[in-house]
Amino acid sequence: MRAGDIALRRALASGASPDAAAEAASAIARGDFRLAAATTPKGVSLDLYNAQCRLLGSPAAWSIRALAFVPDLAAAEGRGADVPATAFGRQYNAALMADPHYPYRDICRPVSDVGPEPEIRPDEPISQPYGFADLQSGEAVDTMGYAARHNAVGQLRRLVEARPQDIDKPDMFGLTPLAWAIAYQRWRTADVLIEAGASPTGARCQTAIDRQSPLQVARLMRWTDMIGRLRSYVSEEEFASLRQNPRYDDASLADFNRAFFQIKHRYDPILRQRRFSRYELQFTIDEAGNSTSCELVPASNSAEFDAELCEVAMKVVRWTPARDAFATTVSGDAKLVFGLGK
């Protein structure tokens, strides 16, 4: 596939005009369902070539056919079809997504058909983290992921019986059939896959904490019943790894760092009486993300410095609260590490 992509880029750069529809048909025949995309300083862009995939984060590099590097996406969109790669990419994607054998028509669509993006709030479940809630109908695609998304129990049972080795095989986007069933809240197809031995942690190369693992998709959606259903199929260690510690807000930490250096400068004559050492500012963070306690460990040689630093830190640093394995907000411990002394 890499060699084919290089040849295509060279052809477009030389001024040639490859037949986009023929190229798309050839790719489908090879089982290559990657959409054409541009790489930009901010990552991958499918929008330039009139496509969008509903995923968390940008598509991975291996899931797209990169046709060009675009330093200024807005300018490239303005130029449009007079750029050979842009004209080809739009025609190629249109042909690929329109093909009845394209297996991701419910995940990737022309930009004009995607509708508004769902708003993601940190403390609320994500109703549709992957794919589109309104599944486009059409000829059924014979893959476990498609059957799982569409709640096609009979089709899924047939595929599991015919290809049991593929039950934990991730697709182009890194999701296994079980992850897709959970993303669409399909209890029936999820149950078929679990009973057939599908792994809650995903493919062999994945772990419970990977973004695409079935357990993490369930946590993103706050599907507590499904998390409980999967729990008995993983080790206690794997389940415990799902817990998230409190996380500080980067902007508030920058504000704290400025205040820290000002306070440290005032107390420097006292602090420098000790050798340089590592210190931890230890916090307890409640379920709402508020600091309820602060302590400098070990204590410095100035109780006044310790108290003032904790007072400022509790006022300035903002936290996202911890979440347990079921994604429920809980109290947790956090720390900031720095050095003091001569």
# chains A, B, ... in the order shown; residues from 1 in each chain; ligands from 1
>>> residues_around(residues="Phe276 of chain A", least_positions_apart="4", cutoff="10 Å", atoms="only C-alpha atoms", output="VMD selection string")
chain A and resid 271 to 272 339 to 342
>>> residues_around(residues="segment 198-212 of chain A", least_positions_apart="6", cutoff="7 Å", atoms="only C-alpha atoms", output="compact mmCIF listing (two decimals) with N, CA and C atoms, in the first residue's frame")
# COMPACT_ATOMS: atom_id res chain seq x y z
N ILE A 167 -12.36 -12.67 15.70
CA ILE A 167 -13.27 -12.04 16.66
C ILE A 167 -12.63 -10.84 17.36
N ASP A 168 -11.31 -10.87 17.54
CA ASP A 168 -10.61 -9.75 18.17
C ASP A 168 -9.71 -9.00 17.18
N LYS A 169 -10.02 -9.13 15.92
CA LYS A 169 -9.22 -8.46 14.90
C LYS A 169 -9.67 -7.00 14.79
N PRO A 170 -8.76 -6.04 15.03
CA PRO A 170 -9.16 -4.64 14.91
C PRO A 170 -9.28 -4.24 13.45
N GLY A 174 -8.78 0.63 14.40
CA GLY A 174 -8.27 0.09 15.66
C GLY A 174 -9.34 -0.47 16.57
N LEU A 175 -10.59 -0.55 16.13
CA LEU A 175 -11.68 -1.06 16.96
C LEU A 175 -12.02 -2.49 16.57
N THR A 176 -12.25 -3.32 17.57
CA THR A 176 -12.69 -4.69 17.34
C THR A 176 -14.21 -4.70 17.21
N LEU A 178 -16.38 -6.08 19.10
CA LEU A 178 -17.00 -5.81 20.40
C LEU A 178 -16.97 -4.32 20.72
N LEU A 230 -18.33 -6.79 31.58
CA LEU A 230 -17.00 -7.12 31.10
C LEU A 230 -16.01 -7.39 32.24
N GLU A 238 -5.94 -5.39 35.51
CA GLU A 238 -6.39 -4.70 34.30
C GLU A 238 -7.56 -3.78 34.61
N SER A 241 -6.49 -0.64 36.33
CA SER A 241 -5.74 0.29 35.48
C SER A 241 -6.65 1.31 34.80
N LEU A 242 -7.96 1.07 34.81
CA LEU A 242 -8.90 2.01 34.20
C LEU A 242 -9.08 3.27 35.03
>>> atom_distance(atom1="atom CA of Arg275 of chain A", atom2="atom CA of Ala259 of chain A")
22.6 Å
>>> residues_around(residues="Cys108 of chain A", least_positions_apart="5", cutoff="8 Å", atoms="only C-alpha atoms", output="list of chain:residue names")
A:Ala51, A:Gln52, A:Cys53, A:Arg54, A:Met97, A:Gly131
>>> atom_distance(atom1="atom CA of Val317 of chain A", atom2="atom CA of Ser291 of chain A")
8.4 Å
>>> closest_residue(among="A:Arg105, A:Ala7, A:Phe69, A:Trp319", to="Arg34 of chain A", atoms="only C-alpha atoms")
A:Arg105
>>> residues_around(residues="segment 84-88 of chain A", least_positions_apart="2", cutoff="10 Å", atoms="only C-alpha atoms", output="PyMOL selection string")
chain A and resi 8-9+11-21+23+36-38+48-50+66-68+76-77+79-82+90-94
>>> closest_residue(among="A:Ala303, A:Ala25, A:Ala325, A:Ala133", to="Ala240 of chain A", atoms="only C-alpha atoms")
A:Ala325
>>> select_by_dssp(residues="segment 23-194 of chain A", states="helix (DSSP H, G or I)", output="number ranges by chain")
A: 23-30, 47-49, 61-63, 73-82, 84-98, 111-113, 144-149, 153-162, 164-166, 177-183, 187-194
>>> atom_distance(atom1="atom CA of Glu287 of chain A", atom2="atom CA of Asp333 of chain A")
11.0 Å
>>> closest_residue(among="A:Asn245, A:Thr292, A:Thr143, A:Ser112", to="Asp166 of chain A", atoms="only C-alpha atoms")
A:Thr143
>>> select_by_dssp(residues="segment 209-291 of chain A", states="strand (DSSP E or B)", output="list in words")
Gln244, Arg247, Tyr248, Ser277, Arg278, Tyr279, Glu280, Leu281, Gln282, Phe283, Thr284, Ile285 and Ser291 of chain A
>>> residues_around(residues="Arg258 of chain A", least_positions_apart="6", cutoff="12 Å", atoms="only C-alpha atoms", output="list of chain:residue names")
A:Ala251, A:Ser252, A:Lys264, A:His265, A:Leu309, A:Val312, A:Ala313, A:Val316, A:Val317
>>> residues_around(residues="Gln155 of chain A", least_positions_apart="3", cutoff="12 Å", atoms="only C-alpha atoms", output="MDAnalysis selection string")
chainID A and resid 140:152 158:162 189 192
>>> closest_residue(among="A:Thr320, A:Ser213, A:Ser331, A:Gln282", to="Pro177 of chain A", atoms="only C-alpha atoms")
A:Ser213
>>> closest_residue(among="A:Asp268, A:Arg65, A:Lys42, A:Phe132", to="Ala3 of chain A", atoms="only C-alpha atoms")
A:Arg65
